[in-house]
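For reference, the structure discussed in these notes is given below.
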Amino acid sequence: MSTFAVGDEDFLLDGRPVRLLSGALHYFRVHEGHWEHRLGMLRAMGLDCVETYVPWNLHEPEPGRYADPEALGRFLDAVGRAGMRAIVRPGPYICAEWENGGLPHWLTGPLGRRVRTLDPDFLAPVEAWFRRLLPQVVERQVDRGGPVVLVQVENEYGSYGSDLAYLEWMAELLRSCGVSVPLFTSDGPEDHMLTGGSVPGVLATANFGSGAREGFATLRRHRPSGPLMCMEFWCGWFDHWGTEHAVREAGDAAAALREILECGASVNVYMAHGGSNFGGWAGANRDGELHDGPLRPTVTSYDYDAPVDEAGRPTEKFRAFREVLAAYAEGPLPEVPEPPARLGAPVSGVLDGFASLDAVLEVLGGEETVTPVPPTFEELGVDRGVVRYRVAVPGPRQPYPLGVTGLRDRAVVCVDGRPAGVLDTSDGEDAVLPGQVAGPARVDLWVESLGRVNYGPRLAEPKGITGGVRHERQYLHGVRARGLRLDAFEAEAVGKVPFGPDHGGPGLGRGTLDVAGAGDAWLRLPGGTRGFVWVNGFCLGRYWAAGPQEALFVPGPVLREGANEVWVLELEGGAPSSVELDVVRDDGAPASTEPDVA
């Protein structure tokens, strides 16, 4: 058994000063079959500790219904076997470019901005969740022979709120649940963030991507003593759909890392390995300096331009960081692990079965509701997926514009069963359909959430049609709504969908890929516009022709020798012309991708 403590200037392991060289690796963004390899990559880079968040909404999709919350404990056991320490950031809010910042939709729906405050209706489910989750952290603390050395109180609260009584309540809850290792907070190195996000008697850390000396000087104005730590050293960044891929030059990132260490500080490289937003769990941000502008949904890849790329391969940044970190290692660094098995050869196939969205909804959808105004996704119990809103335009009446107020986030519109256009919110949440609609008519709006906001003042906002559907200036009432959740796509249920020949529009396609030499691969959908794809029942996430992401990572453990079933839920265009599996190149990219030119 060991002790881990916060000293006046250093972390203390059994009374001996230690520096934490940590890297972020989220267990929920990496297939469990790859955990051991990715931890080995972090060790080979020169890190001795790993940090992970815990996404509440992934593990409690409905109140009291849990989905593998023990995954955290299995991951911490893997960390211990790898000879590393662990930092756990349990939330309840995590940001992390994750759907709703990790908060369950069933909680933010009714509470809205009351979340992340001392409101009793928020605190009660938080306490219930923590008492369910934290025993697996407590029993793996360093003072019980496990790897856990630090646990976070909330997350970057100074960027959001000022309810310090709530933060103190959170710290007390962690202690009452048995957390005995040091607690910490993490915030940007700005006075208002550190003032709003820190807790008396709890270690405060800072998050930044450069300017370590200035950042730590600001932290010292608030905390004159205690270990210095950059809890999130942003060595890269994430991508939004429809933007350029974010890249940070390796030498620049390595110089910033060196500056942190020269300050005598500990560090957590965010991200050391990013992984993927499988299952449609990618979040979204609001544009603008105050994060209150148009929605910017995050792509499925969480590569983050990290030193270990999405496919688990070392990059130029990995080699540069390894050189910096080697100077702080106790002895030589381990050799870089061999990569996991890769797909033996490219594979291509076609989708030979199709079902319309209406047919899929009949089998996999929730119950239809009839309400005067459109219900939100939260009111329909939909976290990730689409909702069909159906309204009637009375008649006879002359053609008028059809509009939606409070659209979140994108709607494919059909009038009397025929495609009529797409509404998006790039210019605001009040959108008008091109052309005009005469009555009588039946209007279907297939609305998709592109990811709930994970950061800033627009956190906890609802999805769907949050205002109403208008014909000219008149609201249309008597709305029929039915949700289609992504987690409804299970093999037994999909087997009941009436597949037929190509229908030419949005819907669910099914096909088979015959694989010889199963292993890590990249998947492409030529001709696909926007939707989701599953391989052998495993949801790889969203695809979208908007880019910059052009292929989805397929973990090798998902594939099998021989026949592999693929489902493609196309939401906007026609069915993709084919499904392609590509080989992972030595640099982690698809084999058919042009190599990067330095």
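Following the order of the structure tokens, chains are lettered A, B, ..., residues in each are numbered from 1, and ligands are numbered from 1.
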Identify, on the basis of only C-alpha atoms, every residue whose closest approach to A:Val554 does not exceed 9 Å; exclude the query and any residue fewer than 6 positions from it along the same chain; express the result as a PyMOL selection string. chain A and resi 311+519-523+535+540+581
Near-A:Gly588 list (9 Å; only C-alpha atoms; drop same-chain fewer than 4 positions) as a ChimeraX atom specification: /A:309-315,584
Please give the complete set of residues from stretch 300-471 of chain A that DSSP, run on the backbone, assigns to strand (DSSP E or B), formatted as a PyMOL selection string. chain A and resi 301+308+314+342+347-349+351-356+369-371+376+385-400+402-408+410-415+418-423+431-432+437-448+453+464-471
Going by DSSP on the backbone, which residues of stretch 40-75 of chain A come out as helix (DSSP H, G or I)? List them as a list in words. Gly40, Met41, Leu42, Arg43, Ala44, Met45, Trp56, Asn57, Leu58, His59, Ala71, Leu72, Gly73, Arg74 and Phe75 of chain A
Could you write out that same residue set with all heavy atoms as a compact mmCIF listing (two decimals), in the first residue's frame?
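Okay, this is what ended up in selection.txt:
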```
# COMPACT_ATOMS: atom_id res chain seq x y z
N GLY A 40 0.29 0.79 -23.48
CA GLY A 40 1.69 0.53 -23.81
C GLY A 40 2.29 1.64 -24.64
O GLY A 40 3.47 1.99 -24.48
N MET A 41 1.49 2.22 -25.53
CA MET A 41 1.97 3.34 -26.34
C MET A 41 2.27 4.55 -25.45
O MET A 41 3.29 5.25 -25.64
CB MET A 41 0.95 3.70 -27.41
CG MET A 41 0.78 2.66 -28.49
SD MET A 41 2.26 2.43 -29.50
CE MET A 41 2.36 4.04 -30.32
N LEU A 42 1.41 4.81 -24.47
CA LEU A 42 1.65 5.94 -23.58
C LEU A 42 2.91 5.73 -22.76
O LEU A 42 3.72 6.66 -22.57
CB LEU A 42 0.45 6.14 -22.65
CG LEU A 42 -0.61 7.15 -23.12
CD1 LEU A 42 -1.19 6.75 -24.47
CD2 LEU A 42 -1.73 7.31 -22.09
N ARG A 43 3.11 4.52 -22.28
CA ARG A 43 4.33 4.23 -21.52
C ARG A 43 5.57 4.42 -22.39
O ARG A 43 6.58 4.98 -21.95
CB ARG A 43 4.30 2.81 -20.98
CG ARG A 43 3.34 2.59 -19.82
CD ARG A 43 3.73 1.35 -19.04
NE ARG A 43 5.01 1.53 -18.38
CZ ARG A 43 5.85 0.54 -18.04
NH1 ARG A 43 5.54 -0.70 -18.33
NH2 ARG A 43 6.98 0.79 -17.44
N ALA A 44 5.50 3.96 -23.63
CA ALA A 44 6.64 4.08 -24.53
C ALA A 44 6.94 5.55 -24.86
O ALA A 44 8.08 5.90 -25.19
CB ALA A 44 6.40 3.29 -25.81
N MET A 45 5.94 6.40 -24.80
CA MET A 45 6.15 7.82 -25.05
C MET A 45 6.83 8.50 -23.86
O MET A 45 7.34 9.62 -23.98
CB MET A 45 4.82 8.50 -25.37
CG MET A 45 4.96 9.90 -25.91
SD MET A 45 3.42 10.54 -26.61
CE MET A 45 2.42 10.73 -25.13
N TRP A 56 -21.39 10.05 -17.75
CA TRP A 56 -22.59 9.60 -17.04
C TRP A 56 -23.67 9.14 -18.02
O TRP A 56 -24.29 8.08 -17.83
CB TRP A 56 -23.09 10.74 -16.16
CG TRP A 56 -24.29 10.47 -15.31
CD1 TRP A 56 -24.94 9.27 -15.13
CD2 TRP A 56 -24.99 11.42 -14.50
NE1 TRP A 56 -25.99 9.42 -14.27
CE2 TRP A 56 -26.05 10.73 -13.87
CE3 TRP A 56 -24.82 12.78 -14.26
CZ2 TRP A 56 -26.93 11.38 -13.00
CZ3 TRP A 56 -25.69 13.43 -13.40
CH2 TRP A 56 -26.74 12.73 -12.78
N ASN A 57 -23.90 9.92 -19.09
CA ASN A 57 -25.01 9.58 -20.00
C ASN A 57 -24.79 8.27 -20.74
O ASN A 57 -25.75 7.59 -21.11
CB ASN A 57 -25.27 10.72 -20.98
CG ASN A 57 -24.05 11.20 -21.73
OD1 ASN A 57 -22.96 10.64 -21.60
ND2 ASN A 57 -24.21 12.25 -22.52
N LEU A 58 -23.54 7.89 -20.96
CA LEU A 58 -23.25 6.59 -21.59
C LEU A 58 -23.67 5.45 -20.68
O LEU A 58 -24.22 4.44 -21.14
CB LEU A 58 -21.76 6.49 -21.91
CG LEU A 58 -21.26 5.14 -22.45
CD1 LEU A 58 -21.81 4.87 -23.85
CD2 LEU A 58 -19.74 5.10 -22.46
N HIS A 59 -23.44 5.61 -19.39
CA HIS A 59 -23.63 4.52 -18.44
C HIS A 59 -25.00 4.49 -17.78
O HIS A 59 -25.36 3.48 -17.16
CB HIS A 59 -22.54 4.57 -17.37
CG HIS A 59 -21.17 4.30 -17.89
ND1 HIS A 59 -20.86 3.18 -18.62
CD2 HIS A 59 -20.01 5.02 -17.79
CE1 HIS A 59 -19.57 3.20 -18.94
NE2 HIS A 59 -19.04 4.31 -18.46
N ALA A 71 -17.19 -0.75 -16.67
CA ALA A 71 -16.10 -0.59 -17.64
C ALA A 71 -14.98 0.25 -17.05
O ALA A 71 -13.80 0.00 -17.33
CB ALA A 71 -16.63 0.05 -18.92
N LEU A 72 -15.30 1.24 -16.24
CA LEU A 72 -14.26 2.06 -15.63
C LEU A 72 -13.35 1.21 -14.76
O LEU A 72 -12.12 1.34 -14.84
CB LEU A 72 -14.89 3.18 -14.79
CG LEU A 72 -13.91 4.01 -13.95
CD1 LEU A 72 -12.93 4.75 -14.83
CD2 LEU A 72 -14.67 4.97 -13.04
N GLY A 73 -13.92 0.34 -13.94
CA GLY A 73 -13.10 -0.51 -13.08
C GLY A 73 -12.19 -1.42 -13.89
O GLY A 73 -11.01 -1.63 -13.54
N ARG A 74 -12.70 -1.99 -14.99
CA ARG A 74 -11.86 -2.84 -15.83
C ARG A 74 -10.71 -2.05 -16.45
O ARG A 74 -9.59 -2.55 -16.56
CB ARG A 74 -12.71 -3.50 -16.93
CG ARG A 74 -13.80 -4.43 -16.40
CD ARG A 74 -14.33 -5.35 -17.50
NE ARG A 74 -14.85 -4.64 -18.66
CZ ARG A 74 -16.09 -4.17 -18.76
NH1 ARG A 74 -16.94 -4.29 -17.74
NH2 ARG A 74 -16.49 -3.56 -19.86
N PHE A 75 -11.00 -0.80 -16.82
CA PHE A 75 -9.95 0.02 -17.39
C PHE A 75 -8.89 0.34 -16.34
O PHE A 75 -7.68 0.26 -16.61
CB PHE A 75 -10.54 1.32 -17.94
CG PHE A 75 -9.51 2.26 -18.51
CD1 PHE A 75 -8.86 1.97 -19.69
CD2 PHE A 75 -9.21 3.44 -17.85
CE1 PHE A 75 -7.91 2.84 -20.21
CE2 PHE A 75 -8.27 4.32 -18.36
CZ PHE A 75 -7.61 4.02 -19.55
```
Who sits within 8 Å of A:Arg408, only C-alpha atoms, same chain under 4 positions skipped, as a ChimeraX atom specification: /A:425,429,447-449,462-466
Saved selection, atoms kept: C-alpha atoms, as a PDB file, in the first residue's frame:
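Full text of result33.pdb as output:
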```
ATOM      1  CA  THR A 425     -29.419  26.213 -38.710  1.00  0.00           C
ATOM      2  CA  GLU A 429     -32.640  28.406 -35.646  1.00  0.00           C
ATOM      3  CA  VAL A 447     -35.139  16.146 -37.521  1.00  0.00           C
ATOM      4  CA  GLU A 448     -31.720  14.953 -36.370  1.00  0.00           C
ATOM      5  CA  SER A 449     -29.744  16.088 -33.352  1.00  0.00           C
ATOM      6  CA  PRO A 462     -33.109  20.810 -25.748  1.00  0.00           C
ATOM      7  CA  LYS A 463     -33.107  19.244 -29.223  1.00  0.00           C
ATOM      8  CA  GLY A 464     -35.736  18.853 -31.935  1.00  0.00           C
ATOM      9  CA  ILE A 465     -38.296  21.489 -32.887  1.00  0.00           C
ATOM     10  CA  THR A 466     -38.277  23.718 -29.824  1.00  0.00           C
TER      11      THR A 466
END
```
